[in-house]
Number of protein chains: 6
Amino acid sequence: MLYITRRETFNAAHRLYREDYDDQTNLEIFGKCSNPNWHGHNYILYVTVAGEVNPETGFILNLKTLSQIIQDTIIAKIDHKNINLEVDFMKGKMASTEILTIVIWEQLEDEIKKLGARLFSVKLYETENNFVEYKGEKTNTTI
Amino acid sequence: MLYITRRETFNAAHRLYREDYDDQTNLEIFGKCSNPNWHGHNYILYVTVAGEVNPETGFILNLKTLSQIIQDTIIAKIDHKNINLEVDFMKGKMASTEILTIVIWEQLEDEIKKLGARLFSVKLYETENNFVEYKGEKTNTTI
Amino acid sequence: MLYITRRETFNAAHRLYREDYDDQTNLEIFGKCSNPNWHGHNYILYVTVAGEVNPETGFILNLKTLSQIIQDTIIAKIDHKNINLEVDFMKGKMASTEILTIVIWEQLEDEIKKLGARLFSVKLYETENNFVEYKGEKTNTTI
Amino acid sequence: MLYITRRETFNAAHRLYREDYDDQTNLEIFGKCSNPNWHGHNYILYVTVAGEVNPETGFILNLKTLSQIIQDTIIAKIDHKNINLEVDFMKGKMASTEILTIVIWEQLEDEIKKLGARLFSVKLYETENNFVEYKGEKTNTTI
Amino acid sequence: MLYITRRETFNAAHRLYREDYDDQTNLEIFGKCSNPNWHGHNYILYVTVAGEVNPETGFILNLKTLSQIIQDTIIAKIDHKNINLEVDFMKGKMASTEILTIVIWEQLEDEIKKLGARLFSVKLYETENNFVEYKGEKTNTTI
Amino acid sequence: MLYITRRETFNAAHRLYREDYDDQTNLEIFGKCSNPNWHGHNYILYVTVAGEVNPETGFILNLKTLSQIIQDTIIAKIDHKNINLEVDFMKGKMASTEILTIVIWEQLEDEIKKLGARLFSVKLYETENNFVEYKGEKTNTTI
């Protein structure tokens, strides 16, 4: 069993807030990330796939294919977009790094299964100081 | 003559567009950066100051003071903000990295002169692949 | 279950040696790291916390709170200090990266439990070429 | 139980191809990596060892020794070499990052056992965007 | 006057040697870089262009255009290639980082002039420890 | 004219203070950097040499030679040392990054001249956020 990782990047705007909170409460809970005029990040995404080496090719899977799947499924829909307003797979969800990481996992999981491999980890850097990793361990909470 | 550099970071939303263009023209000229719903970046700012070493302290200037000036003059006004809508020193200007770099220079120049040193360079990374540097060389163009 | 990581940095002096060894033995075992006049590093600390997403906030925990805990519990006590001489939680211990990593874990574990989350990993870079990770797996050895 | 990691680098040429394929098939499967005139990379290698802290030294193992083992066993044989043509431990194997990672593990495993520690992970970066990790989980496939 | 920089990368094989030297002399002068079986690098290329801001667009030039020029003129011809054998603009030249940097400048200079800007610097990283910069300052030597 | 840069690193302890100041004054002027028990850094040193390409070798100078000179002249004397107490070329000088940068220049200048090249810049990173560059522009001040 081997783990292969592909790094991709995207730039997007977002805001942390709840519609059912007033501005003051949003500010208290989400701080400057609740700015109603948005802010943004250069996100760095690491997608790790687990699998066995195909002895014919020496590959777990073709990295160009993996990169293309991430491109089509995630990057094309989120790069240079507003995560709260424009990204179909984030509709109705909070635009925190935590939830974005889980949702990216959900978008990729089946696509990678089709390649005969298994999604192992999605790691998302919001800044050089903060990142979130999800390994598909389901929680009881609905997000 | 020595050159000392301080690195600071900020996260902000922006959009490249002209109000006097329609959406289609904005898209042609500015590409996905013209998205009306904004996108954003983790900007990295390098401020370089030139000066002589003070033989009493071994410093060109106190880096804590330099950092504080950048904080008060730039970061506090732009971090987690929308560059087009909320940043006083960018009011009425296009939010390109080029113009932002020049305007940051203009904000810092006099503050650093007051410290007895000279602003030498402002370098601004929009992404790991793109950055702009300004050294105060005036152009004829009005921005 | 998600994993969120916060990166913090500190600069400190230290020395690897045993008081019950003479200088020659210290030099043989610890090499140039045993220099009696100290040397130092820019340490980079990654603290990873495991938890479920709070559906109300979209957070595992508030990163500002996590950062403040690391600041109060670790950074304030070790940054710009001599690890062997001045850091209360390292008193009587060897200032190796291994032991420092374990001790940082011990300082943080309960503080993070109070937030309703679980400390998952402490990773400490001494240089760009060397780092240690501890995940709370107890050993039989007393350090 | 602690995990200590040493980072080493090497520069090498390689090519992805099968001798039993014609050039056209190699191009289809391996893309530009099949170039018969070779291309190359600055590989970055992370070797992670698991072990308990020796209370006498505060070390899991002496990092200088670990670095020397990686140097003698891997770097001296592969740095500034052609991986397909010149590296004894890659003879007859495909020069993919996946297989190289597994083979580096096999070269190091016993050497590290002799130090009283356990090889935990070999991670190999081919570029900043692609890397492979192996943790010794045996597959049924012969490579 | 502003300076805008675009970063691009390519992976290539090369060898340092002179045909009129025997292997022993090549080894003495060029060390392990003279390996007749080639080695390779992940090169990082920084192209800096000087110009004035176009007040209409806020740009010095369109970065997408600059990136495309570097892609067409340099990357497409050198990425995943053997620099000594396959790169037209390096034909008959030594494949040192110094000469490669100068030749990349020569390939780009006129293309960037056509955009109404001026090539200011070409910086080429061979490894994280070694890089060469050329600013078009002509030498008397013919390379 | 070309510019070639070599990166080297060293780890050292230091302290910012004046013997003719009391502890309180040292604390006011130098902040936590005045800690009498020392602190330390992973310094990163970039040495840039200017020269013409030797058409025989394709080199400005042999990088292995440049690296060896930096090793012998600087690194061997400062790595894992206390800059205030043990480094001959810093004797009687303040251990600020500014002064250390100038003094490293002075140590290297003649050695590089002997190679038929010219020292162009010494850049020294104290942390990822602070660095100083010196290009040999003499000041009137005696340090």
# chains A, B, ... in the order shown; residues from 1 in each chain; ligands from 1

$ residues_around --residues "range 41-51 of chain B" --least-positions-apart "5" --cutoff "6 Å" --atoms "only C-alpha atoms" --output "MDAnalysis selection string"
(chainID A and resid 11 40:42) or (chainID B and resid 1:12 60 117:126)

$ residues_around --residues "Thr73 in chain A" --least-positions-apart "4" --cutoff "8 Å" --atoms "only C-alpha atoms" --output "PDB file with all heavy atoms, in the first residue's frame"
ATOM      1  N   ILE A  69      -8.919  15.208 -12.559  1.00  0.00           N
ATOM      2  CA  ILE A  69     -10.128  15.025 -11.741  1.00  0.00           C
ATOM      3  C   ILE A  69     -10.249  16.151 -10.717  1.00  0.00           C
ATOM      4  O   ILE A  69     -11.325  16.722 -10.520  1.00  0.00           O
ATOM      5  CB  ILE A  69     -10.087  13.648 -11.039  1.00  0.00           C
ATOM      6  CG1 ILE A  69     -10.411  12.552 -12.056  1.00  0.00           C
ATOM      7  CG2 ILE A  69     -11.049  13.597  -9.865  1.00  0.00           C
ATOM      8  CD1 ILE A  69     -10.239  11.152 -11.505  1.00  0.00           C
ATOM      9  N   LYS A  77     -14.445  24.886 -10.358  1.00  0.00           N
ATOM     10  CA  LYS A  77     -15.670  25.421  -9.743  1.00  0.00           C
ATOM     11  C   LYS A  77     -15.394  26.434  -8.634  1.00  0.00           C
ATOM     12  O   LYS A  77     -16.305  27.154  -8.218  1.00  0.00           O
ATOM     13  CB  LYS A  77     -16.493  24.258  -9.167  1.00  0.00           C
ATOM     14  CG  LYS A  77     -16.994  23.297 -10.225  1.00  0.00           C
ATOM     15  CD  LYS A  77     -17.751  22.131  -9.610  1.00  0.00           C
ATOM     16  CE  LYS A  77     -18.313  21.220 -10.696  1.00  0.00           C
ATOM     17  NZ  LYS A  77     -18.899  20.000 -10.119  1.00  0.00           N
ATOM     18  N   GLN A 107     -16.666  15.376  -2.822  1.00  0.00           N
ATOM     19  CA  GLN A 107     -16.678  15.536  -4.279  1.00  0.00           C
ATOM     20  C   GLN A 107     -15.728  14.558  -4.960  1.00  0.00           C
ATOM     21  O   GLN A 107     -15.970  14.110  -6.067  1.00  0.00           O
ATOM     22  CB  GLN A 107     -16.251  16.968  -4.675  1.00  0.00           C
ATOM     23  CG  GLN A 107     -17.118  18.067  -4.112  1.00  0.00           C
ATOM     24  CD  GLN A 107     -18.574  17.896  -4.435  1.00  0.00           C
ATOM     25  OE1 GLN A 107     -18.937  17.834  -5.598  1.00  0.00           O
ATOM     26  NE2 GLN A 107     -19.425  17.763  -3.422  1.00  0.00           N
ATOM     27  N   LEU A 108     -14.604  14.259  -4.276  1.00  0.00           N
ATOM     28  CA  LEU A 108     -13.545  13.480  -4.919  1.00  0.00           C
ATOM     29  C   LEU A 108     -13.680  11.975  -4.713  1.00  0.00           C
ATOM     30  O   LEU A 108     -13.207  11.174  -5.526  1.00  0.00           O
ATOM     31  CB  LEU A 108     -12.162  13.928  -4.393  1.00  0.00           C
ATOM     32  CG  LEU A 108     -11.706  15.321  -4.811  1.00  0.00           C
ATOM     33  CD1 LEU A 108     -10.432  15.680  -4.059  1.00  0.00           C
ATOM     34  CD2 LEU A 108     -11.461  15.376  -6.321  1.00  0.00           C
TER      35      LEU A 108
END

$ residues_around --residues "range 24-29 of chain B" --least-positions-apart "3" --cutoff "12 Å" --atoms "only C-alpha atoms" --output "list in words"
Arg15, Leu16, Tyr17, Arg18, Glu19, Asp20, Tyr21, Lys32, Cys33, Ser34, Asn35 and Pro36 of chain B; Glu56, Thr57, Gly58, Phe59, Leu61, Asn62, Leu63, Lys64 and Thr65 of chain E

$ atom_distance --atom1 "CA of Asn82 in chain E" --atom2 "CA of Gln71 in chain A"
29.1 Å

$ select_by_dssp --residues "range 6-81 of chain C" --states "helix (DSSP H, G or I)" --output "PyMOL selection string"
chain C and resi 23-34+63-78

$ atom_distance --atom1 "CA of Ala13 in chain A" --atom2 "CA of Ser67 in chain E"
23.9 Å

$ closest_residue --among "F:Asp72, F:Asp23, F:Glu133, F:Glu109" --to "chain B" --atoms "only C-alpha atoms"
F:Glu133

$ interface_residues --of "chain F" --to "chain B" --cutoff "9 Å" --atoms "only C-alpha atoms" --output "MDAnalysis selection string"
chainID F and resid 16:18 29:30 93:99 101:102 128:143

$ select_by_dssp --residues "chain F" --states "strand (DSSP E)" --output "MDAnalysis selection string"
chainID F and resid 2:14 39:51 81:82 118:127 130:134
